[in-house]
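File shown here: coords16.pdb, holding PDB, C-alpha atoms, pLDDT in the B column.
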```pdb
ATOM      1  CA  MET G  68      45.437 -22.051   1.131  1.00 45.00           C
ATOM      2  CA  THR G  69      43.146 -20.387   3.645  1.00 48.00           C
ATOM      3  CA  ALA G  70      44.264 -19.152   7.031  1.00 47.00           C
ATOM      4  CA  GLU G  71      41.719 -21.383   8.766  1.00 55.00           C
ATOM      5  CA  ALA G  72      41.231 -25.080   8.182  1.00 58.00           C
ATOM      6  CA  THR G  73      37.738 -26.211   7.245  1.00 57.00           C
ATOM      7  CA  LEU G  74      35.639 -28.192   9.680  1.00 59.00           C
ATOM      8  CA  ALA G  75      34.511 -31.586   8.451  1.00 53.00           C
ATOM      9  CA  PRO G  76      31.168 -33.201   9.200  1.00 56.00           C
ATOM     10  CA  ALA G  77      31.046 -36.365  11.302  1.00 64.00           C
ATOM     11  CA  LEU G  78      32.622 -39.370   9.591  1.00 76.00           C
ATOM     12  CA  THR G  79      29.847 -41.072   7.591  1.00 83.00           C
ATOM     13  CA  HIS G  80      31.958 -43.234   5.286  1.00 89.00           C
ATOM     14  CA  GLY G  81      35.444 -44.628   4.823  1.00 93.00           C
ATOM     15  CA  ARG G  82      38.077 -44.975   7.526  1.00 94.00           C
ATOM     16  CA  LEU G  83      40.144 -42.590   9.590  1.00 96.00           C
ATOM     17  CA  MET G  84      43.762 -43.809   9.704  1.00 97.00           C
ATOM     18  CA  PRO G  85      46.251 -42.312  12.177  1.00 97.00           C
ATOM     19  CA  VAL G  86      49.500 -40.836  10.828  1.00 98.00           C
ATOM     20  CA  THR G  87      52.377 -39.022  12.491  1.00 98.00           C
ATOM     21  CA  VAL G  88      54.044 -35.856  11.255  1.00 98.00           C
ATOM     22  CA  HIS G  89      57.649 -35.705  12.400  1.00 98.00           C
ATOM     23  CA  PHE G  90      59.822 -32.611  12.843  1.00 97.00           C
ATOM     24  CA  ASP G  91      61.860 -33.525   9.759  1.00 97.00           C
ATOM     25  CA  ASP G  92      58.647 -33.573   7.651  1.00 97.00           C
ATOM     26  CA  LEU G  93      58.485 -29.783   8.008  1.00 97.00           C
ATOM     27  CA  ASP G  94      60.089 -27.440   5.490  1.00 97.00           C
ATOM     28  CA  ALA G  95      62.308 -24.411   6.153  1.00 96.00           C
ATOM     29  CA  LEU G  96      59.217 -22.319   7.016  1.00 96.00           C
ATOM     30  CA  GLY G  97      58.059 -24.861   9.595  1.00 96.00           C
ATOM     31  CA  LEU G  98      55.194 -26.124   7.415  1.00 97.00           C
ATOM     32  CA  LEU G  99      54.493 -29.726   6.463  1.00 97.00           C
ATOM     33  CA  HIS G 100      56.337 -30.020   3.134  1.00 97.00           C
ATOM     34  CA  ASN G 101      53.935 -30.295   0.205  1.00 96.00           C
ATOM     35  CA  ALA G 102      55.545 -33.569  -0.958  1.00 95.00           C
ATOM     36  CA  ARG G 103      54.864 -35.221   2.415  1.00 97.00           C
ATOM     37  CA  TYR G 104      51.077 -35.140   2.062  1.00 97.00           C
ATOM     38  CA  PRO G 105      50.925 -37.798  -0.716  1.00 96.00           C
ATOM     39  CA  LEU G 106      53.509 -39.879   1.152  1.00 97.00           C
ATOM     40  CA  LEU G 107      51.482 -39.848   4.376  1.00 98.00           C
ATOM     41  CA  VAL G 108      48.290 -40.652   2.432  1.00 97.00           C
ATOM     42  CA  GLU G 109      50.063 -43.578   0.739  1.00 96.00           C
ATOM     43  CA  ARG G 110      51.227 -44.912   4.110  1.00 96.00           C
ATOM     44  CA  ALA G 111      47.668 -44.701   5.455  1.00 97.00           C
ATOM     45  CA  TRP G 112      46.279 -46.613   2.429  1.00 95.00           C
ATOM     46  CA  THR G 113      49.019 -49.213   2.714  1.00 94.00           C
ATOM     47  CA  GLU G 114      48.131 -49.849   6.347  1.00 95.00           C
ATOM     48  CA  LEU G 115      44.415 -49.994   5.590  1.00 95.00           C
ATOM     49  CA  TRP G 116      44.909 -52.562   2.799  1.00 94.00           C
ATOM     50  CA  HIS G 117      47.360 -54.569   4.940  1.00 92.00           C
ATOM     51  CA  ASP G 118      44.552 -54.838   7.508  1.00 91.00           C
ATOM     52  CA  LYS G 119      42.377 -56.285   4.716  1.00 90.00           C
ATOM     53  CA  GLY G 120      45.058 -58.784   3.560  1.00 88.00           C
ATOM     54  CA  VAL G 121      46.217 -56.883   0.451  1.00 90.00           C
ATOM     55  CA  ARG G 122      49.984 -56.426   0.504  1.00 87.00           C
ATOM     56  CA  PHE G 123      53.172 -56.497  -1.527  1.00 88.00           C
ATOM     57  CA  GLU G 124      55.871 -58.770  -0.146  1.00 89.00           C
ATOM     58  CA  GLY G 125      58.444 -58.658  -2.946  1.00 88.00           C
ATOM     59  CA  ASP G 126      56.759 -60.718  -5.681  1.00 91.00           C
ATOM     60  CA  TRP G 127      54.571 -58.759  -8.101  1.00 90.00           C
ATOM     61  CA  THR G 128      52.933 -61.887  -9.504  1.00 90.00           C
ATOM     62  CA  ALA G 129      51.903 -63.022  -6.010  1.00 90.00           C
ATOM     63  CA  ALA G 130      50.882 -59.461  -5.071  1.00 91.00           C
ATOM     64  CA  GLY G 131      47.586 -59.714  -6.959  1.00 93.00           C
ATOM     65  CA  ASP G 132      45.528 -56.604  -6.288  1.00 95.00           C
ATOM     66  CA  ALA G 133      48.532 -54.841  -4.754  1.00 94.00           C
ATOM     67  CA  CYS G 134      50.003 -54.734  -8.278  1.00 95.00           C
ATOM     68  CA  ASN G 135      48.588 -51.383  -9.362  1.00 95.00           C
ATOM     69  CA  ALA G 136      49.748 -48.017 -10.628  1.00 95.00           C
ATOM     70  CA  VAL G 137      48.688 -44.421 -10.107  1.00 95.00           C
ATOM     71  CA  ARG G 138      47.028 -42.839 -13.117  1.00 97.00           C
ATOM     72  CA  GLU G 139      46.128 -39.505 -11.557  1.00 97.00           C
ATOM     73  CA  LEU G 140      46.683 -37.587  -8.323  1.00 97.00           C
ATOM     74  CA  ARG G 141      44.873 -34.396  -7.306  1.00 98.00           C
ATOM     75  CA  LEU G 142      45.640 -32.528  -4.110  1.00 97.00           C
ATOM     76  CA  THR G 143      44.381 -29.234  -2.698  1.00 97.00           C
ATOM     77  CA  TYR G 144      45.943 -27.625   0.349  1.00 96.00           C
ATOM     78  CA  GLU G 145      43.418 -25.888   2.606  1.00 96.00           C
ATOM     79  CA  ALA G 146      45.399 -24.889   5.698  1.00 97.00           C
ATOM     80  CA  PRO G 147      49.020 -25.307   6.775  1.00 96.00           C
ATOM     81  CA  VAL G 148      50.173 -28.023   9.153  1.00 98.00           C
ATOM     82  CA  THR G 149      52.612 -26.148  11.367  1.00 97.00           C
ATOM     83  CA  ARG G 150      53.747 -28.659  13.958  1.00 97.00           C
ATOM     84  CA  PRO G 151      54.685 -32.286  14.328  1.00 98.00           C
ATOM     85  CA  GLY G 152      52.358 -34.701  16.067  1.00 98.00           C
ATOM     86  CA  ALA G 153      49.358 -36.964  15.629  1.00 98.00           C
ATOM     87  CA  TYR G 154      47.107 -36.436  12.605  1.00 98.00           C
ATOM     88  CA  ALA G 155      44.879 -38.679  10.493  1.00 98.00           C
ATOM     89  CA  VAL G 156      43.985 -39.432   6.905  1.00 98.00           C
ATOM     90  CA  HIS G 157      40.315 -40.000   6.125  1.00 97.00           C
ATOM     91  CA  LEU G 158      40.129 -42.522   3.264  1.00 97.00           C
ATOM     92  CA  TRP G 159      37.210 -43.640   1.096  1.00 97.00           C
ATOM     93  CA  LEU G 160      36.381 -44.834  -2.406  1.00 97.00           C
ATOM     94  CA  ASP G 161      34.507 -42.607  -4.837  1.00 97.00           C
ATOM     95  CA  ARG G 162      34.406 -45.202  -7.630  1.00 97.00           C
ATOM     96  CA  LEU G 163      35.150 -48.908  -7.963  1.00 97.00           C
ATOM     97  CA  GLY G 164      35.433 -50.019 -11.570  1.00 97.00           C
ATOM     98  CA  THR G 165      36.448 -53.302 -13.178  1.00 98.00           C
ATOM     99  CA  THR G 166      40.177 -52.473 -13.446  1.00 98.00           C
ATOM    100  CA  GLY G 167      40.418 -49.098 -11.759  1.00 98.00           C
ATOM    101  CA  LEU G 168      39.206 -47.141  -8.793  1.00 98.00           C
ATOM    102  CA  THR G 169      39.132 -43.583  -7.554  1.00 98.00           C
ATOM    103  CA  TYR G 170      39.670 -42.861  -3.921  1.00 97.00           C
ATOM    104  CA  GLY G 171      39.214 -39.691  -1.986  1.00 97.00           C
ATOM    105  CA  PHE G 172      41.153 -38.546   1.027  1.00 98.00           C
ATOM    106  CA  ARG G 173      41.425 -35.779   3.586  1.00 97.00           C
ATOM    107  CA  PHE G 174      44.559 -35.011   5.587  1.00 98.00           C
ATOM    108  CA  CYS G 175      43.067 -33.956   8.894  1.00 97.00           C
ATOM    109  CA  SER G 176      43.355 -33.610  12.638  1.00 96.00           C
ATOM    110  CA  ALA G 177      43.589 -36.862  14.595  1.00 96.00           C
ATOM    111  CA  ASP G 178      39.860 -36.741  15.353  1.00 94.00           C
ATOM    112  CA  GLY G 179      38.923 -35.934  11.739  1.00 94.00           C
ATOM    113  CA  ALA G 180      37.336 -32.598  12.667  1.00 93.00           C
ATOM    114  CA  VAL G 181      39.808 -30.250  10.914  1.00 95.00           C
ATOM    115  CA  THR G 182      40.803 -30.644   7.248  1.00 96.00           C
ATOM    116  CA  TYR G 183      44.243 -29.445   6.103  1.00 97.00           C
ATOM    117  CA  ALA G 184      44.273 -30.931   2.591  1.00 98.00           C
ATOM    118  CA  ARG G 185      42.040 -33.051   0.402  1.00 98.00           C
ATOM    119  CA  GLY G 186      42.348 -34.882  -2.839  1.00 98.00           C
ATOM    120  CA  SER G 187      41.748 -37.938  -4.955  1.00 98.00           C
ATOM    121  CA  ARG G 188      43.803 -40.563  -6.715  1.00 97.00           C
ATOM    122  CA  VAL G 189      43.004 -42.942  -9.558  1.00 98.00           C
ATOM    123  CA  LEU G 190      44.587 -46.413  -9.456  1.00 97.00           C
ATOM    124  CA  VAL G 191      44.651 -49.063 -12.169  1.00 98.00           C
ATOM    125  CA  ARG G 192      45.046 -52.751 -11.293  1.00 97.00           C
ATOM    126  CA  LEU G 193      47.818 -54.268 -13.451  1.00 97.00           C
ATOM    127  CA  ASP G 194      48.647 -57.746 -14.661  1.00 96.00           C
ATOM    128  CA  ALA G 195      52.180 -58.342 -13.338  1.00 95.00           C
ATOM    129  CA  ALA G 196      53.372 -60.061 -16.527  1.00 95.00           C
ATOM    130  CA  THR G 197      52.015 -57.617 -19.130  1.00 96.00           C
ATOM    131  CA  LEU G 198      51.556 -54.411 -17.092  1.00 96.00           C
ATOM    132  CA  ARG G 199      48.171 -54.060 -18.799  1.00 97.00           C
ATOM    133  CA  PRO G 200      44.961 -53.332 -16.864  1.00 98.00           C
ATOM    134  CA  ALA G 201      43.524 -56.376 -15.116  1.00 98.00           C
ATOM    135  CA  PRO G 202      40.312 -56.853 -13.109  1.00 98.00           C
ATOM    136  CA  TRP G 203      40.253 -56.524  -9.340  1.00 97.00           C
ATOM    137  CA  SER G 204      39.641 -59.839  -7.577  1.00 97.00           C
ATOM    138  CA  GLY G 205      36.287 -60.613  -5.995  1.00 96.00           C
ATOM    139  CA  THR G 206      37.905 -60.590  -2.546  1.00 95.00           C
ATOM    140  CA  PHE G 207      39.325 -57.122  -3.172  1.00 96.00           C
ATOM    141  CA  ARG G 208      36.005 -55.839  -4.530  1.00 96.00           C
ATOM    142  CA  ASP G 209      34.164 -57.115  -1.434  1.00 95.00           C
ATOM    143  CA  ALA G 210      36.641 -55.352   0.886  1.00 94.00           C
ATOM    144  CA  ALA G 211      36.607 -52.195  -1.236  1.00 95.00           C
ATOM    145  CA  ARG G 212      32.802 -51.885  -1.223  1.00 94.00           C
ATOM    146  CA  GLU G 213      32.962 -51.221   2.528  1.00 92.00           C
ATOM    147  CA  LEU G 214      34.877 -48.020   1.727  1.00 95.00           C
ATOM    148  CA  LEU G 215      32.542 -46.649  -0.950  1.00 95.00           C
ATOM    149  CA  ARG G 216      31.096 -43.234  -0.270  1.00 94.00           C
ATOM    150  CA  PRO G 217      27.302 -43.701   0.151  1.00 89.00           C
ATOM    151  CA  ASP G 218      26.434 -41.422  -2.778  1.00 85.00           C
ATOM    152  CA  ALA G 219      29.126 -42.923  -5.062  1.00 66.00           C
TER     153      ALA G 219
END
```
Can the structure from this file be put into C-alpha coordinates for me?
Amino acid sequence: MTAEATLAPALTHGRLMPVTVHFDDLDALGLLHNARYPLLVERAWTELWHDKGVRFEGDWTAAGDACNAVRELRLTYEAPVTRPGAYAVHLWLDRLGTTGLTYGFRFCSADGAVTYARGSRVLVRLDAATLRPAPWSGTFRDAARELLRPDA
(Lines of atoms letter the chains of each structure in order from A and count residues from 1; the text may use other names and numbers.)
(Lines give C-alpha, C1' and ligand atoms only; values in the text may rest on other atoms or scores of the structure.)
Protein backbone atom coordinates (compact mmCIF):
# COMPACT_ATOMS: atom_id res chain seq x y z
CA MET A 1 0.00 0.00 0.00
CA THR A 2 1.49 3.33 -1.02
CA ALA A 3 1.27 6.47 1.06
CA GLU A 4 -0.45 8.32 -1.79
CA ALA A 5 -3.47 7.12 -3.72
CA THR A 6 -3.11 6.94 -7.49
CA LEU A 7 -4.95 9.38 -9.71
CA ALA A 8 -7.30 7.82 -12.22
CA PRO A 9 -7.93 9.08 -15.74
CA ALA A 10 -11.36 10.43 -16.67
CA LEU A 11 -14.07 7.76 -16.66
CA THR A 12 -14.15 6.27 -20.18
CA HIS A 13 -16.09 3.08 -19.47
CA GLY A 14 -18.32 1.42 -16.90
CA ARG A 15 -20.25 3.18 -14.16
CA LEU A 16 -19.35 5.07 -11.02
CA MET A 17 -21.62 3.95 -8.16
CA PRO A 18 -21.78 5.92 -4.90
CA VAL A 19 -21.07 4.08 -1.63
CA THR A 20 -20.83 5.25 1.96
CA VAL A 21 -18.13 4.31 4.45
CA HIS A 22 -19.47 4.45 7.99
CA PHE A 23 -17.49 4.93 11.20
CA ASP A 24 -18.06 1.29 12.17
CA ASP A 25 -16.47 0.16 8.86
CA LEU A 26 -13.10 1.34 10.19
CA ASP A 27 -10.76 -0.97 12.09
CA ALA A 28 -8.91 -0.31 15.36
CA LEU A 29 -6.30 1.77 13.48
CA GLY A 30 -8.98 3.98 11.93
CA LEU A 31 -8.59 2.43 8.46
CA LEU A 32 -11.34 0.97 6.31
CA HIS A 33 -11.22 -2.72 7.29
CA ASN A 34 -9.85 -4.88 4.48
CA ALA A 35 -12.98 -7.10 4.52
CA ARG A 36 -15.24 -4.09 3.87
CA TYR A 37 -13.87 -3.39 0.39
CA PRO A 38 -15.41 -6.51 -1.23
CA LEU A 39 -18.65 -5.89 0.67
CA LEU A 40 -18.92 -2.31 -0.59
CA VAL A 41 -18.08 -3.45 -4.14
CA GLU A 42 -20.79 -6.13 -3.92
CA ARG A 43 -23.34 -3.55 -2.77
CA ALA A 44 -22.42 -1.29 -5.69
CA TRP A 45 -22.83 -4.16 -8.21
CA THR A 46 -26.12 -5.17 -6.64
CA GLU A 47 -27.47 -1.65 -7.04
CA LEU A 48 -26.21 -1.40 -10.61
CA TRP A 49 -27.87 -4.69 -11.62
CA HIS A 50 -31.08 -3.76 -9.76
CA ASP A 51 -31.19 -0.64 -11.96
CA LYS A 52 -31.00 -2.99 -14.98
CA GLY A 53 -33.76 -5.32 -13.68
CA VAL A 54 -31.51 -8.16 -12.46
CA ARG A 55 -32.30 -9.02 -8.85
CA PHE A 56 -32.77 -11.80 -6.34
CA GLU A 57 -36.08 -11.71 -4.49
CA GLY A 58 -35.97 -15.01 -2.60
CA ASP A 59 -36.50 -17.56 -5.39
CA TRP A 60 -33.34 -18.83 -7.07
CA THR A 61 -35.24 -20.37 -9.98
CA ALA A 62 -36.96 -17.05 -10.73
CA ALA A 63 -33.69 -15.14 -10.16
CA GLY A 64 -32.33 -16.08 -13.58
CA ASP A 65 -29.07 -14.25 -14.17
CA ALA A 66 -28.87 -13.24 -10.51
CA CYS A 67 -28.21 -16.93 -9.75
CA ASN A 68 -24.42 -16.86 -9.98
CA ALA A 69 -21.38 -17.66 -7.88
CA VAL A 70 -17.95 -16.13 -7.41
CA ARG A 71 -15.12 -18.18 -8.86
CA GLU A 72 -12.28 -15.77 -8.15
CA LEU A 73 -11.67 -12.48 -6.36
CA ARG A 74 -8.51 -10.37 -6.63
CA LEU A 75 -8.00 -7.18 -4.67
CA THR A 76 -5.04 -4.82 -4.33
CA TYR A 77 -4.97 -2.04 -1.77
CA GLU A 78 -3.26 1.12 -3.02
CA ALA A 79 -3.88 3.71 -0.29
CA PRO A 80 -5.72 3.66 3.04
CA VAL A 81 -9.23 5.02 3.49
CA THR A 82 -8.95 6.84 6.80
CA ARG A 83 -12.33 8.44 7.35
CA PRO A 84 -16.01 7.77 6.91
CA GLY A 85 -17.96 9.53 4.20
CA ALA A 86 -18.93 9.45 0.54
CA TYR A 87 -16.86 7.32 -1.84
CA ALA A 88 -17.57 5.46 -5.08
CA VAL A 89 -16.92 2.17 -6.81
CA HIS A 90 -16.05 2.31 -10.50
CA LEU A 91 -17.44 -0.86 -12.12
CA TRP A 92 -16.89 -2.35 -15.58
CA LEU A 93 -16.69 -5.67 -17.40
CA ASP A 94 -13.38 -6.99 -18.70
CA ARG A 95 -14.88 -10.13 -20.26
CA LEU A 96 -18.36 -11.42 -21.03
CA GLY A 97 -18.40 -15.12 -21.83
CA THR A 98 -21.22 -17.59 -22.42
CA THR A 99 -21.57 -18.67 -18.76
CA GLY A 100 -19.09 -16.44 -16.98
CA LEU A 101 -17.80 -12.92 -16.82
CA THR A 102 -14.93 -10.99 -15.34
CA TYR A 103 -15.50 -7.56 -13.94
CA GLY A 104 -13.06 -4.96 -12.82
CA PHE A 105 -13.52 -2.41 -10.10
CA ARG A 106 -11.85 0.51 -8.36
CA PHE A 107 -12.73 1.71 -4.87
CA CYS A 108 -12.27 5.44 -5.25
CA SER A 109 -13.14 8.95 -4.19
CA ALA A 110 -16.72 10.05 -4.85
CA ASP A 111 -15.66 11.79 -8.07
CA GLY A 112 -13.58 8.81 -9.26
CA ALA A 113 -10.34 10.81 -9.29
CA VAL A 114 -8.48 8.99 -6.47
CA THR A 115 -8.08 5.19 -6.36
CA TYR A 116 -7.75 3.44 -2.98
CA ALA A 117 -8.08 -0.18 -4.13
CA ARG A 118 -8.65 -2.08 -7.34
CA GLY A 119 -9.46 -5.59 -8.32
CA SER A 120 -11.41 -8.06 -10.38
CA ARG A 121 -13.92 -10.82 -9.81
CA VAL A 122 -14.98 -13.78 -11.93
CA LEU A 123 -18.65 -14.83 -11.77
CA VAL A 124 -20.27 -17.96 -13.18
CA ARG A 125 -23.98 -18.01 -14.05
CA LEU A 126 -25.59 -21.11 -12.48
CA ASP A 127 -28.64 -23.20 -13.24
CA ALA A 128 -30.68 -23.03 -10.02
CA ALA A 129 -31.68 -26.71 -10.14
CA THR A 130 -28.29 -28.28 -10.92
CA LEU A 131 -25.84 -25.56 -9.77
CA ARG A 132 -23.96 -26.19 -13.02
CA PRO A 133 -22.85 -23.35 -15.33
CA ALA A 134 -25.66 -21.96 -17.47
CA PRO A 135 -25.66 -19.31 -20.22
CA TRP A 136 -26.45 -15.68 -19.48
CA SER A 137 -29.76 -14.56 -20.97
CA GLY A 138 -29.86 -12.33 -24.03
CA THR A 139 -31.36 -9.52 -21.94
CA PHE A 140 -28.49 -9.76 -19.46
CA ARG A 141 -25.89 -9.87 -22.24
CA ASP A 142 -27.37 -6.74 -23.85
CA ALA A 143 -27.23 -4.85 -20.53
CA ALA A 144 -23.75 -6.18 -19.75
CA ARG A 145 -22.27 -5.08 -23.09
CA GLU A 146 -22.82 -1.45 -22.04
CA LEU A 147 -20.30 -2.05 -19.24
CA LEU A 148 -17.54 -3.65 -21.32
CA ARG A 149 -14.20 -1.91 -21.24
CA PRO A 150 -13.55 -0.59 -24.79
CA ASP A 151 -10.36 -2.63 -25.24
CA ALA A 152 -11.90 -5.82 -23.76
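Proximity of G:Leu163, G:Leu78, G:Ala129, G:Val137 to G:Trp203, computed with only C-alpha atoms, is greatest for G:Leu163.
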| said: For the PyMOL selection byres ((chain G and resi 178) around 10), applied here, can you spell out every residue it catches as a PyMOL selection string? | reply: chain G and resi 77-78+83-85+153-157+175-177+179-181
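The two atoms in question, atom CA of G:Arg138 and atom CA of G:Gly167, are spaced 9.2 Å apart.
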| Contact residues around stretch 111-127 of chain G with all atoms listed in the file at 7 Å, ignoring same-chain residues under 5 positions, as a ChimeraX atom specification | /G:84,86,132-134,156,195,210
| request: For each of G:Arg208, G:Arg141, G:Asp92, G:His100, take the minimum atom-to-atom distance to G:Gly164, counting all atoms listed in the file, then give the residue where this is smallest. | output: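 Of the candidates, the smallest distance to G:Gly164 is held by G:Arg208.
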Applying the PyMOL selection byres ((chain G and resi 171) around 6) to the file I just gave you, which residues come out? Please list them as a PDB file with C-alpha atoms, in the frame of the given file.
```pdb
ATOM      1  CA  TRP G 159      37.210 -43.640   1.096  1.00 97.00           C
ATOM      2  CA  LEU G 160      36.381 -44.834  -2.406  1.00 97.00           C
ATOM      3  CA  TYR G 170      39.670 -42.861  -3.921  1.00 97.00           C
ATOM      4  CA  PHE G 172      41.153 -38.546   1.027  1.00 98.00           C
ATOM      5  CA  GLY G 186      42.348 -34.882  -2.839  1.00 98.00           C
ATOM      6  CA  SER G 187      41.748 -37.938  -4.955  1.00 98.00           C
TER       7      SER G 187
END
```
So which residues get picked by the PyMOL selection byres ((chain G and resi 184) around 9) here, written as a PDB file with C-alpha atoms, keeping the file's coordinate frame?
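Produced file selection.pdb, reproduced below:
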```
ATOM      1  CA  ALA G  72      41.231 -25.080   8.182  1.00 58.00           C
ATOM      2  CA  TYR G 104      51.077 -35.140   2.062  1.00 97.00           C
ATOM      3  CA  LEU G 142      45.640 -32.528  -4.110  1.00 97.00           C
ATOM      4  CA  THR G 143      44.381 -29.234  -2.698  1.00 97.00           C
ATOM      5  CA  TYR G 144      45.943 -27.625   0.349  1.00 96.00           C
ATOM      6  CA  GLU G 145      43.418 -25.888   2.606  1.00 96.00           C
ATOM      7  CA  ALA G 146      45.399 -24.889   5.698  1.00 97.00           C
ATOM      8  CA  PRO G 147      49.020 -25.307   6.775  1.00 96.00           C
ATOM      9  CA  PHE G 172      41.153 -38.546   1.027  1.00 98.00           C
ATOM     10  CA  ARG G 173      41.425 -35.779   3.586  1.00 97.00           C
ATOM     11  CA  PHE G 174      44.559 -35.011   5.587  1.00 98.00           C
ATOM     12  CA  CYS G 175      43.067 -33.956   8.894  1.00 97.00           C
ATOM     13  CA  THR G 182      40.803 -30.644   7.248  1.00 96.00           C
ATOM     14  CA  TYR G 183      44.243 -29.445   6.103  1.00 97.00           C
ATOM     15  CA  ARG G 185      42.040 -33.051   0.402  1.00 98.00           C
ATOM     16  CA  GLY G 186      42.348 -34.882  -2.839  1.00 98.00           C
TER      17      GLY G 186
END
```
